[in-house]
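See below for upload-v6.pdb, which holds PDB, C-alpha atoms, pLDDT in the B column.
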```pdb
MODEL        1
ATOM      1  CA  MET E  27      93.662  96.927  91.110  1.00 73.00           C
ATOM      2  CA  LEU E  28      97.244  95.817  90.429  1.00 69.00           C
ATOM      3  CA  GLU E  29      96.014  92.292  89.773  1.00 74.00           C
ATOM      4  CA  GLU E  30      93.427  93.626  87.317  1.00 76.00           C
ATOM      5  CA  LEU E  31      96.164  95.606  85.579  1.00 74.00           C
ATOM      6  CA  ALA E  32      98.331  92.495  85.334  1.00 69.00           C
ATOM      7  CA  ASP E  33      95.412  90.702  83.658  1.00 70.00           C
ATOM      8  CA  ARG E  34      94.788  93.567  81.241  1.00 70.00           C
ATOM      9  CA  LEU E  35      98.453  93.807  80.280  1.00 70.00           C
ATOM     10  CA  HIS E  36      98.630  90.078  79.696  1.00 63.00           C
ATOM     11  CA  ILE E  37      96.003  90.174  76.952  1.00 59.00           C
ATOM     12  CA  HIS E  38      97.551  93.007  74.901  1.00 54.00           C
ATOM     13  CA  SER E  39      99.545  91.763  71.940  1.00 52.00           C
ATOM     14  CA  SER E  40     100.007  94.645  69.540  1.00 56.00           C
ATOM     15  CA  GLU E  41     102.734  97.212  68.933  1.00 57.00           C
ATOM     16  CA  GLY E  42     102.933  97.815  72.663  1.00 63.00           C
ATOM     17  CA  HIS E  43     103.384  94.131  73.451  1.00 72.00           C
ATOM     18  CA  GLU E  44     106.973  94.422  74.702  1.00 78.00           C
ATOM     19  CA  ARG E  45     106.101  97.516  76.717  1.00 79.00           C
ATOM     20  CA  ALA E  46     103.070  95.766  78.215  1.00 76.00           C
ATOM     21  CA  LYS E  47     105.173  92.687  78.955  1.00 77.00           C
ATOM     22  CA  ALA E  48     107.794  94.754  80.822  1.00 83.00           C
ATOM     23  CA  LEU E  49     105.142  96.625  82.784  1.00 82.00           C
ATOM     24  CA  HIS E  50     103.401  93.344  83.564  1.00 80.00           C
ATOM     25  CA  SER E  51     106.659  92.003  85.028  1.00 85.00           C
ATOM     26  CA  ASP E  52     107.060  95.123  87.166  1.00 84.00           C
ATOM     27  CA  VAL E  53     103.484  94.832  88.432  1.00 82.00           C
ATOM     28  CA  GLN E  54     103.943  91.143  89.247  1.00 84.00           C
ATOM     29  CA  ARG E  55     107.156  91.944  91.142  1.00 87.00           C
ATOM     30  CA  ALA E  56     105.385  94.724  93.077  1.00 85.00           C
ATOM     31  CA  LEU E  57     102.615  92.307  94.045  1.00 81.00           C
ATOM     32  CA  GLU E  58     105.033  89.590  95.125  1.00 88.00           C
ATOM     33  CA  GLU E  59     107.333  91.902  97.076  1.00 89.00           C
ATOM     34  CA  ASP E  60     104.611  94.292  98.304  1.00 85.00           C
ATOM     35  CA  ASP E  61     106.761  97.170  97.048  1.00 84.00           C
ATOM     36  CA  HIS E  62     104.804  99.777  95.101  1.00 81.00           C
ATOM     37  CA  GLU E  63     107.403 102.559  95.204  1.00 83.00           C
ATOM     38  CA  GLY E  64     107.458 104.534  91.951  1.00 83.00           C
ATOM     39  CA  LEU E  65     104.627 102.618  90.293  1.00 84.00           C
ATOM     40  CA  GLY E  66     102.294 105.623  90.159  1.00 86.00           C
ATOM     41  CA  GLU E  67     104.800 107.667  88.182  1.00 88.00           C
ATOM     42  CA  ARG E  68     105.546 104.717  85.910  1.00 87.00           C
ATOM     43  CA  PHE E  69     101.830 104.183  85.230  1.00 87.00           C
ATOM     44  CA  THR E  70     101.401 107.840  84.282  1.00 90.00           C
ATOM     45  CA  GLU E  71     104.312 107.621  81.843  1.00 90.00           C
ATOM     46  CA  GLU E  72     103.063 104.370  80.326  1.00 88.00           C
ATOM     47  CA  ALA E  73      99.526 105.763  79.947  1.00 90.00           C
ATOM     48  CA  VAL E  74     100.898 108.274  77.454  1.00 91.00           C
ATOM     49  CA  GLU E  75     102.510 105.474  75.450  1.00 85.00           C
ATOM     50  CA  PHE E  76      99.354 103.330  75.361  1.00 84.00           C
ATOM     51  CA  GLU E  77      96.944 106.207  74.655  1.00 86.00           C
ATOM     52  CA  SER E  78      96.588 105.832  70.890  1.00 84.00           C
ATOM     53  CA  GLU E  79      96.465 102.033  70.635  1.00 80.00           C
ATOM     54  CA  HIS E  80      94.726 101.177  73.912  1.00 82.00           C
ATOM     55  CA  PRO E  81      92.840 104.163  75.351  1.00 87.00           C
ATOM     56  CA  ASP E  82      90.986 101.944  77.830  1.00 85.00           C
ATOM     57  CA  LEU E  83      94.285 100.678  79.233  1.00 83.00           C
ATOM     58  CA  ALA E  84      95.697 104.221  79.317  1.00 88.00           C
ATOM     59  CA  ASP E  85      92.665 105.392  81.290  1.00 90.00           C
ATOM     60  CA  PHE E  86      93.027 102.494  83.724  1.00 86.00           C
ATOM     61  CA  LEU E  87      96.736 103.282  84.216  1.00 87.00           C
ATOM     62  CA  ARG E  88      95.912 106.914  84.987  1.00 91.00           C
ATOM     63  CA  ARG E  89      93.225 105.939  87.490  1.00 88.00           C
ATOM     64  CA  LEU E  90      95.599 103.500  89.140  1.00 84.00           C
ATOM     65  CA  ALA E  91      98.342 106.177  89.305  1.00 88.00           C
ATOM     66  CA  ASP E  92      95.840 108.557  90.950  1.00 90.00           C
ATOM     67  CA  TYR E  93      94.836 105.854  93.419  1.00 86.00           C
ATOM     68  CA  LEU E  94      98.457 105.154  94.365  1.00 81.00           C
ATOM     69  CA  GLY E  95      99.157 108.868  94.652  1.00 84.00           C
ATOM     70  CA  ALA E  96      96.197 109.328  96.993  1.00 86.00           C
ATOM     71  CA  ALA E  97      97.584 106.483  99.085  1.00 79.00           C
ATOM     72  CA  GLY E  98     100.938 108.241  99.282  1.00 79.00           C
ATOM     73  CA  ILE E  99     102.771 105.754  97.087  1.00 73.00           C
TER      74      ILE E  99
ENDMDL
END
```
Do you think you could lay out the structure here as structure tokens?
Amino acid sequence: MLEELADRLHIHSSEGHERAKALHSDVQRALEEDDHEGLGERFTEEAVEFESEHPDLADFLRRLADYLGAAGI
């Protein structure tokens, strides 16, 4: 799911481009280092920011945050 998120963030190039770029970097780092600490909370916060421009991405971020929370991350 993190890889799918990285792909989705990569294609967004609107007002949230810088925000998506920063989140993409954090996701890539989490994948490389296998360190997912705090990502669920970050995804929830970012979902709010992406809601108006990219509701599909916001929904995906929320689902991913729920998934990480269920996994205890």
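Checking E:Val74, E:Ile99, E:Met27, E:Leu94 one by one against Arg45 of chain E, counting all atoms listed in the file, you find the shortest gap at E:Val74.
This file, filtered with the PyMOL selection byres ((chain E and resi 65) around 9), gives the residues Asp52, Val53, Ala56, Asp61, His62, Glu63, Gly64, Gly66, Glu67, Arg68, Phe69, Thr70, Ala91, Leu94 and Ile99 of chain E.
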**Q.** Straight-line distance linking atom CA of Glu30 of chain E with atom CA of Arg89 of chain E, stated in Å to one decimal
**A.** 12.3 Å
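Closest approach to Asp85 of chain E among E:Glu71, E:Gly98, E:Asp33, E:Ser51: E:Glu71, based on all atoms listed in the file.
Distance check against Leu35 of chain E using all atoms listed in the file: of E:Leu49, E:Leu57, E:Leu90, E:Ala73, the minimum falls on E:Leu49.
Relative to atom CA of Glu29 of chain E, atom CA of Glu77 of chain E is found at 20.6 Å.
The two atoms in question, atom CA of Ala46 of chain E and atom CA of Leu87 of chain E, are spaced 11.5 Å apart.
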Centre and edges of the segment 60-64 of chain E box, axis-aligned, 4 Å extra per side, as lines of an AutoDock Vina configuration file:
```
center_x = 106.0
center_y = 99.4
center_z = 95.1
size_x = 10.8
size_y = 18.2
size_z = 14.4
```
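Distances here use all atoms listed in the file; by that measure, the residue among E:Leu31, E:Gly95, E:Glu59, E:Lys47 closest to Asp82 of chain E is E:Leu31.
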